[in-house]
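Read the structure below first, then the notes.
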Amino acid sequence: MHTTANTVLILGARGRFGLSTARAFAQAGWRVLGQTRPQAKIPDDAPVMEWLGIDLHDAQALAQAAQGASVVVHALNPAYTNKAWQTQVLPMTDAAIAVARALGATLMVPGNVYNFGASMPAVLREDTPQRARTVKGQVRIQMEQRLQQSGVRSIVIRAGDFFGGGTGTWFDTAMVKNIRKGVFTYPGAPEVSRAWAYLPDLARTFVAVAERRATLQPFEVLHFAGHRITGQRWLDVLTPLARAQGWGTPGAPLKRGTLPWGLIRMGALVMPTWAALQEMRYLWQTPHALANDKLTALIGPEPHTPLAQAAQAALVDLGLVAPMPTPRGLAHRQGPAIVVQ
C-alpha cells in the first residue's frame, strides 16, 4: 500500500524516458512531480502528474516546489553531438545533484554502455573496467564519478539502447523508418547481438529499485539486462508484424537495408551529429550484453515484455500500428494536473 510519502520528482519529464518513468511511478501509486522548462508545452499523452515549469538550474526554487519528494529521477539528455555532451552533461548532473541534496532525496540516473568502450567484453557487469576513449564514453565516466563523489545517495541503472515509448531512438529513426515500404534498416552486422531496453520495462525497474533504495549503498550501480538481440532476430520479429499490416511483398520477409556508413564517415567532417554517430559505430560491431544478477537479487525477476509484444507496442507508440482495445476499467488517465511556473 503506497502513501503520499512516496513522491518522485522527474527532471526532464517531457522526454521519452521522463514520460515513461512518470507513467510507471504513477501506476505504482506514487505522487509524480514533473519538471520541465518554464512555458514548455505539456505532452497530450502525459500521465496525470503535477508539472513544475521551473528551470533545472534553479535548485532552490525547484526543491521548494518539490517538497516531500524522496526520489529524483534524472531524465535529461542534451543533443547527440559531442559538443553538447561536453558542455551540458556535467552541468545537468551538477544541477540534479543540487536538487536531490536540497530535498534529501535519492537521485536515480539511467546509465548506458558507453563507459566500457570498443574493447568491452561480451558480458558487462557492474565491475567491468571502464575504458572508453570516445567523447561520450569519457563524459559518462566523469558523470558517474561525480555522482559517487557528491555525497548524495545515487543509483545508476545501466541499460542498452532504448526502444518503445515514443520517438528519438535507433528503432524509429533508422530500423523501422521505412517499414511501411517493406524495408527494415539495420545499422550493424545482422549476426552481432546487442543489449536493448524496452522503455516501459526499464521504467518499471526504476520504480522497483526506488521502493528498495533503503537497502542499497550510498552509491550503487545496477545493470538492466533487457533484451539481447541480433539484427536477424529483429527481422524475424518484425516481419510477421509487417505482414499483418500488408507492408512489403505479400508472403516475403522484410527487405534488409543498411546505413550508408561511408557517406556518414565523409559527412562527419562537417556535420557534428554524423561525427558523433561515426564515433559510436563500434556499438553495432561489438557483441555485448548486460548481466543483471545484482539487480534481480534486489528486486526479483526483471520486468520483461516478450520481444514480439514489445516490438508491436513500440510500433503502436509510433503510430504505425493501431492500438489494441483497452479493457474496460483499465483506461489510462491522461493530461496534466497542475502546472507551476
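Lettering and numbering for the C-alpha cells are positional, with chains as A, B, ... in the shown order, residues counted from 1 in each chain, and ligands counted from 1 in the shown order.
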Which residues of stretch 180-231 of chain A sit at most 7 Å from stretch 21-35 of chain A, using only C-alpha atoms? Give each one's shortest atom pair and distance in Å (one decimal place), in chain and ascending residue order, as a Markdown table.
```
| residue | atom | partner | partner_atom | distance |
| --- | --- | --- | --- | --- |
| A:Ala203 | CA | A:Thr21 | CA | 4.6 |
| A:Arg204 | CA | A:Ala24 | CA | 5.5 |
| A:Val207 | CA | A:Phe25 | CA | 5.9 |
```
Residues as selected, all heavy atoms, written as a PDB file, in the first residue's frame, can you do that?
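Saved result, out_27.pdb, follows:
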```pdb
ATOM      1  N   ALA A 203      11.409   1.457 -17.077  1.00  0.00           N
ATOM      2  CA  ALA A 203      10.726   2.390 -16.176  1.00  0.00           C
ATOM      3  C   ALA A 203      10.162   1.669 -14.958  1.00  0.00           C
ATOM      4  O   ALA A 203      10.266   2.158 -13.823  1.00  0.00           O
ATOM      5  CB  ALA A 203       9.615   3.113 -16.933  1.00  0.00           C
ATOM      6  N   ARG A 204       9.573   0.508 -15.167  1.00  0.00           N
ATOM      7  CA  ARG A 204       9.056  -0.273 -14.045  1.00  0.00           C
ATOM      8  C   ARG A 204      10.192  -0.735 -13.137  1.00  0.00           C
ATOM      9  O   ARG A 204      10.020  -0.849 -11.915  1.00  0.00           O
ATOM     10  CB  ARG A 204       8.270  -1.479 -14.574  1.00  0.00           C
ATOM     11  CG  ARG A 204       6.937  -1.108 -15.216  1.00  0.00           C
ATOM     12  CD  ARG A 204       6.380  -2.230 -16.061  1.00  0.00           C
ATOM     13  NE  ARG A 204       6.286  -3.485 -15.345  1.00  0.00           N
ATOM     14  CZ  ARG A 204       6.354  -4.690 -15.909  1.00  0.00           C
ATOM     15  NH1 ARG A 204       6.534  -4.792 -17.212  1.00  0.00           N
ATOM     16  NH2 ARG A 204       6.234  -5.778 -15.179  1.00  0.00           N
ATOM     17  N   VAL A 207      11.040   1.985 -10.695  1.00  0.00           N
ATOM     18  CA  VAL A 207      10.095   2.006  -9.567  1.00  0.00           C
ATOM     19  C   VAL A 207      10.452   0.928  -8.550  1.00  0.00           C
ATOM     20  O   VAL A 207      10.514   1.191  -7.339  1.00  0.00           O
ATOM     21  CB  VAL A 207       8.649   1.805 -10.064  1.00  0.00           C
ATOM     22  CG1 VAL A 207       7.686   1.766  -8.880  1.00  0.00           C
ATOM     23  CG2 VAL A 207       8.246   2.914 -11.028  1.00  0.00           C
TER      24      VAL A 207
END
```
Surrounding residues of A:Gln232 excluding itself and chain neighbours under 5 positions, 9 Å, only C-alpha atoms, as a ChimeraX atom specification: /A:189-192,237
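One distance worth recording is that between atom CA of A:Ala61 and atom CA of A:Gly18, which is 20.2 Å.
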Taking the DSSP assignment computed from this structure's backbone, write out as a PyMOL selection string all residues of stretch 3-230 of chain A that belong to strand (DSSP E). chain A and resi 7-11+31-36+50-53+71-74+106-111+123-124+154-158+161-163+183-186+194-198+219-223+227-229
In terms of the shortest atom-to-atom distance over only C-alpha atoms, which of A:Leu199, A:Val221, A:Leu76, A:Tyr282 is closest to A:Thr167?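 Among A:Leu199, A:Val221, A:Leu76, A:Tyr282, it is A:Leu199 that comes nearest to A:Thr167.
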Of the listed residues A:Asn112, A:Gln312, A:Gln60, A:Asn82, that which approaches A:Ala244 most closely, counting only C-alpha atoms: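 Selected residue with least distance to A:Ala244: A:Gln312.
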Residues near A:Phe224, cut-off 8 Å, only C-alpha atoms, skip fewer than 3 positions along chain, as an NGL selection string: :A and (157-160 or 197 or 202 or 290-292 or 295 or 302)
Could you please take those selected residues and save all heavy atoms as an mmCIF file, in the first residue's frame?
```
data_model
loop_
_atom_site.group_PDB
_atom_site.id
_atom_site.type_symbol
_atom_site.label_atom_id
_atom_site.label_comp_id
_atom_site.auth_asym_id
_atom_site.auth_seq_id
_atom_site.Cartn_x
_atom_site.Cartn_y
_atom_site.Cartn_z
ATOM 1 N N ILE A 157 21.204 2.993 -13.068
ATOM 2 C CA ILE A 157 20.701 1.754 -13.649
ATOM 3 C C ILE A 157 21.101 1.756 -15.117
ATOM 4 O O ILE A 157 20.580 2.514 -15.923
ATOM 5 C CB ILE A 157 19.181 1.618 -13.488
ATOM 6 C CG1 ILE A 157 18.796 1.695 -12.002
ATOM 7 C CG2 ILE A 157 18.706 0.296 -14.099
ATOM 8 C CD1 ILE A 157 17.307 1.543 -11.730
ATOM 9 N N ARG A 158 22.060 0.890 -15.445
ATOM 10 C CA ARG A 158 22.626 0.868 -16.786
ATOM 11 C C ARG A 158 21.805 -0.047 -17.690
ATOM 12 O O ARG A 158 21.402 -1.139 -17.287
ATOM 13 C CB ARG A 158 24.077 0.378 -16.724
ATOM 14 C CG ARG A 158 24.892 0.696 -17.960
ATOM 15 C CD ARG A 158 26.300 0.136 -17.888
ATOM 16 N NE ARG A 158 26.997 0.371 -16.651
ATOM 17 C CZ ARG A 158 27.498 1.543 -16.258
ATOM 18 N NH1 ARG A 158 27.356 2.599 -17.043
ATOM 19 N NH2 ARG A 158 28.130 1.667 -15.112
ATOM 20 N N ALA A 159 21.565 0.418 -18.917
ATOM 21 C CA ALA A 159 20.758 -0.350 -19.860
ATOM 22 C C ALA A 159 21.295 -0.161 -21.268
ATOM 23 O O ALA A 159 22.115 0.722 -21.533
ATOM 24 C CB ALA A 159 19.296 0.093 -19.786
ATOM 25 N N GLY A 160 20.808 -0.977 -22.196
ATOM 26 C CA GLY A 160 21.193 -0.876 -23.594
ATOM 27 C C GLY A 160 20.374 0.169 -24.324
ATOM 28 O O GLY A 160 19.727 1.022 -23.711
ATOM 29 N N ALA A 197 16.795 -2.119 -24.418
ATOM 30 C CA ALA A 197 15.905 -1.932 -23.274
ATOM 31 C C ALA A 197 14.547 -1.447 -23.758
ATOM 32 O O ALA A 197 14.452 -0.360 -24.338
ATOM 33 C CB ALA A 197 16.501 -0.919 -22.298
ATOM 34 N N LEU A 202 12.084 -0.878 -18.421
ATOM 35 C CA LEU A 202 13.114 -0.157 -17.670
ATOM 36 C C LEU A 202 12.475 0.796 -16.669
ATOM 37 O O LEU A 202 12.938 0.919 -15.527
ATOM 38 C CB LEU A 202 14.025 0.599 -18.634
ATOM 39 C CG LEU A 202 15.153 1.416 -17.995
ATOM 40 C CD1 LEU A 202 16.090 0.530 -17.182
ATOM 41 C CD2 LEU A 202 15.938 2.188 -19.060
ATOM 42 N N LEU A 290 24.229 -7.158 -20.913
ATOM 43 C CA LEU A 290 24.350 -6.712 -19.524
ATOM 44 C C LEU A 290 23.897 -7.825 -18.579
ATOM 45 O O LEU A 290 22.791 -8.366 -18.737
ATOM 46 C CB LEU A 290 23.515 -5.456 -19.296
ATOM 47 C CG LEU A 290 24.033 -4.199 -20.007
ATOM 48 C CD1 LEU A 290 22.917 -3.214 -20.275
ATOM 49 C CD2 LEU A 290 25.122 -3.537 -19.160
ATOM 50 N N ALA A 291 24.742 -8.171 -17.610
ATOM 51 C CA ALA A 291 24.395 -9.186 -16.615
ATOM 52 C C ALA A 291 23.618 -8.512 -15.479
ATOM 53 O O ALA A 291 24.109 -7.552 -14.882
ATOM 54 C CB ALA A 291 25.654 -9.848 -16.074
ATOM 55 N N ASN A 292 22.435 -9.020 -15.167
ATOM 56 C CA ASN A 292 21.561 -8.358 -14.193
ATOM 57 C C ASN A 292 21.462 -9.087 -12.860
ATOM 58 O O ASN A 292 20.487 -8.903 -12.109
ATOM 59 C CB ASN A 292 20.164 -8.163 -14.782
ATOM 60 C CG ASN A 292 19.432 -9.483 -15.004
ATOM 61 O OD1 ASN A 292 20.022 -10.559 -14.864
ATOM 62 N ND2 ASN A 292 18.155 -9.409 -15.346
ATOM 63 N N LEU A 295 20.844 -6.827 -9.901
ATOM 64 C CA LEU A 295 19.508 -6.232 -9.929
ATOM 65 C C LEU A 295 18.448 -7.232 -9.486
ATOM 66 O O LEU A 295 17.584 -6.911 -8.645
ATOM 67 C CB LEU A 295 19.191 -5.736 -11.342
ATOM 68 C CG LEU A 295 17.767 -5.211 -11.567
ATOM 69 C CD1 LEU A 295 17.531 -3.932 -10.780
ATOM 70 C CD2 LEU A 295 17.515 -4.977 -13.058
ATOM 71 N N GLU A 302 13.421 -9.430 -13.333
ATOM 72 C CA GLU A 302 13.396 -8.130 -14.013
ATOM 73 C C GLU A 302 12.120 -8.001 -14.840
ATOM 74 O O GLU A 302 11.718 -8.958 -15.511
ATOM 75 C CB GLU A 302 14.628 -8.063 -14.926
ATOM 76 C CG GLU A 302 14.769 -6.795 -15.714
ATOM 77 C CD GLU A 302 15.995 -6.849 -16.639
ATOM 78 O OE1 GLU A 302 17.125 -6.787 -16.118
ATOM 79 O OE2 GLU A 302 15.806 -6.975 -17.871
#
```
Looking at only C-alpha atoms, which of A:Ala214, A:Asp44, A:Tyr80, A:Asp293 is the one that sits closest to A:Trp274?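 Between A:Ala214, A:Asp44, A:Tyr80, A:Asp293, the residue approaching A:Trp274 most closely is A:Tyr80.
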Looking at A:Thr185, A:Ala311, A:Ser150, A:Leu62, which one is nearest to A:Phe162, with distances taken over only C-alpha atoms?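 Ranked by minimum distance to A:Phe162, first place goes to A:Ala311.
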Show which residues sit within 9 Å of A:Ala208, as a count of residues only. Count only C-alpha atoms, and ignore same-chain residues fewer than 5 positions away. 4
Each residue of stretch 213-268 of chain A lying at most 10 Å from stretch 124-135 of chain A should get a row with its shortest atom-to-atom pair and the distance in Å to one decimal, counting only C-alpha atoms; could you produce that, ordered by chain and increasing number, as a Markdown table?
```
| residue | atom | partner | partner_atom | distance |
| --- | --- | --- | --- | --- |
| A:Glu220 | CA | A:Glu126 | CA | 9.3 |
| A:Val221 | CA | A:Glu126 | CA | 6.3 |
| A:Leu222 | CA | A:Glu126 | CA | 6.5 |
| A:His223 | CA | A:Glu126 | CA | 6.7 |
| A:Ala225 | CA | A:Leu124 | CA | 9.6 |
```
Restricting the output to N, CA and C atoms, write the selected residues as a CSV table (one decimal), in the first residue's frame.
```csv
chain,number,residue,atom,x,y,z
A,220,GLU,N,25.3,3.3,-5.9
A,220,GLU,CA,25.1,2.0,-6.4
A,220,GLU,C,24.9,2.0,-7.9
A,221,VAL,N,25.4,1.0,-8.6
A,221,VAL,CA,25.2,0.8,-10.0
A,221,VAL,C,24.6,-0.6,-10.2
A,222,LEU,N,23.5,-0.6,-11.0
A,222,LEU,CA,22.8,-1.9,-11.3
A,222,LEU,C,22.7,-2.0,-12.8
A,223,HIS,N,22.7,-3.2,-13.3
A,223,HIS,CA,22.6,-3.5,-14.7
A,223,HIS,C,21.2,-4.1,-15.0
A,225,ALA,N,19.2,-6.0,-17.8
A,225,ALA,CA,19.6,-6.9,-19.0
A,225,ALA,C,18.7,-6.6,-20.2
```
Got a sec to tell me which of stretch 191-301 of chain A DSSP assigns to helix (DSSP H, G or I), as a PyMOL selection string? chain A and resi 199-210+213-215+231-245+261-267+272-279+281-284+293-299
I need the residue nearest A:Gly166 from this list: A:Arg37, A:Tyr198, A:His227, A:Arg140. Use only C-alpha atoms for the distance.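 The closest residue to A:Gly166 is A:Tyr198.
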Nearest to A:Lys177: which of A:Leu320, A:Ala268, A:Ala313, A:Ala96 is it, counting only C-alpha atoms?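 Looking only at the distances to A:Lys177, the closest residue turns out to be A:Leu320.
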Atom CA of A:Met266 to atom CA of A:Tyr114, straight-line distance in Å: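 Going from atom CA of A:Tyr114 over to atom CA of A:Met266 covers 23.2 Å.
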Non-local contacts of A:Gln285 (12 Å; only C-alpha atoms; under 3 positions in same chain excluded) as a list of chain:residue names: A:Gly117, A:Ala118, A:Ser119, A:Met120, A:Ala122, A:Tyr186, A:Pro187, A:Gly188, A:Ala189, A:Pro190, A:Glu191, A:Val192, A:Ser193, A:Arg194, A:Thr230, A:Gly231, A:Gln278, A:Met280, A:Arg281, A:Tyr282, A:His288
Can you pull out every residue within 8 Å of A:Arg153, counting only C-alpha atoms, but drop anything in the same chain fewer than 6 positions away, and send it as a list in words?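 Those residues are Ala105, Thr106, Leu107, Gln217, Pro218 and Phe219 of chain A.
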Shell around stretch 144-146 of chain A at 9 Å using only C-alpha atoms, local window under 6 positions removed, as a ChimeraX atom specification: /A:90,93-94,111,156
Writer output for current selection, all heavy atoms, as a PDB file, in the first residue's frame:
```
ATOM      1  N   LEU A  90      27.636  17.394 -17.715  1.00  0.00           N
ATOM      2  CA  LEU A  90      28.082  17.557 -16.335  1.00  0.00           C
ATOM      3  C   LEU A  90      27.359  18.702 -15.618  1.00  0.00           C
ATOM      4  O   LEU A  90      26.988  18.537 -14.443  1.00  0.00           O
ATOM      5  CB  LEU A  90      29.600  17.729 -16.280  1.00  0.00           C
ATOM      6  CG  LEU A  90      30.394  16.496 -16.742  1.00  0.00           C
ATOM      7  CD1 LEU A  90      31.889  16.742 -16.605  1.00  0.00           C
ATOM      8  CD2 LEU A  90      29.971  15.248 -15.960  1.00  0.00           C
ATOM      9  N   THR A  93      24.158  17.271 -14.597  1.00  0.00           N
ATOM     10  CA  THR A  93      24.372  16.352 -13.476  1.00  0.00           C
ATOM     11  C   THR A  93      24.528  17.121 -12.182  1.00  0.00           C
ATOM     12  O   THR A  93      23.939  16.762 -11.148  1.00  0.00           O
ATOM     13  CB  THR A  93      25.615  15.486 -13.732  1.00  0.00           C
ATOM     14  OG1 THR A  93      25.458  14.776 -14.964  1.00  0.00           O
ATOM     15  CG2 THR A  93      25.826  14.494 -12.601  1.00  0.00           C
ATOM     16  N   ASP A  94      25.322  18.192 -12.204  1.00  0.00           N
ATOM     17  CA  ASP A  94      25.507  19.014 -11.005  1.00  0.00           C
ATOM     18  C   ASP A  94      24.191  19.603 -10.532  1.00  0.00           C
ATOM     19  O   ASP A  94      23.920  19.678  -9.322  1.00  0.00           O
ATOM     20  CB  ASP A  94      26.513  20.136 -11.279  1.00  0.00           C
ATOM     21  CG  ASP A  94      27.928  19.623 -11.454  1.00  0.00           C
ATOM     22  OD1 ASP A  94      28.216  18.499 -10.996  1.00  0.00           O
ATOM     23  OD2 ASP A  94      28.756  20.341 -12.057  1.00  0.00           O
ATOM     24  N   GLY A 111      21.867   4.823 -16.910  1.00  0.00           N
ATOM     25  CA  GLY A 111      23.205   4.745 -17.488  1.00  0.00           C
ATOM     26  C   GLY A 111      23.166   4.007 -18.813  1.00  0.00           C
ATOM     27  O   GLY A 111      22.126   3.505 -19.245  1.00  0.00           O
ATOM     28  N   VAL A 156      22.649   4.397 -10.267  1.00  0.00           N
ATOM     29  CA  VAL A 156      22.725   4.348 -11.729  1.00  0.00           C
ATOM     30  C   VAL A 156      22.188   2.996 -12.172  1.00  0.00           C
ATOM     31  O   VAL A 156      22.651   1.954 -11.693  1.00  0.00           O
ATOM     32  CB  VAL A 156      24.165   4.532 -12.231  1.00  0.00           C
ATOM     33  CG1 VAL A 156      24.225   4.359 -13.752  1.00  0.00           C
ATOM     34  CG2 VAL A 156      24.704   5.897 -11.825  1.00  0.00           C
TER      35      VAL A 156
END
```
Rounded to one decimal, what separation in Å do you get between atom CA of A:Ile54 and atom CA of A:Val72?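 Computing it gives 14.8 Å between the two atoms.
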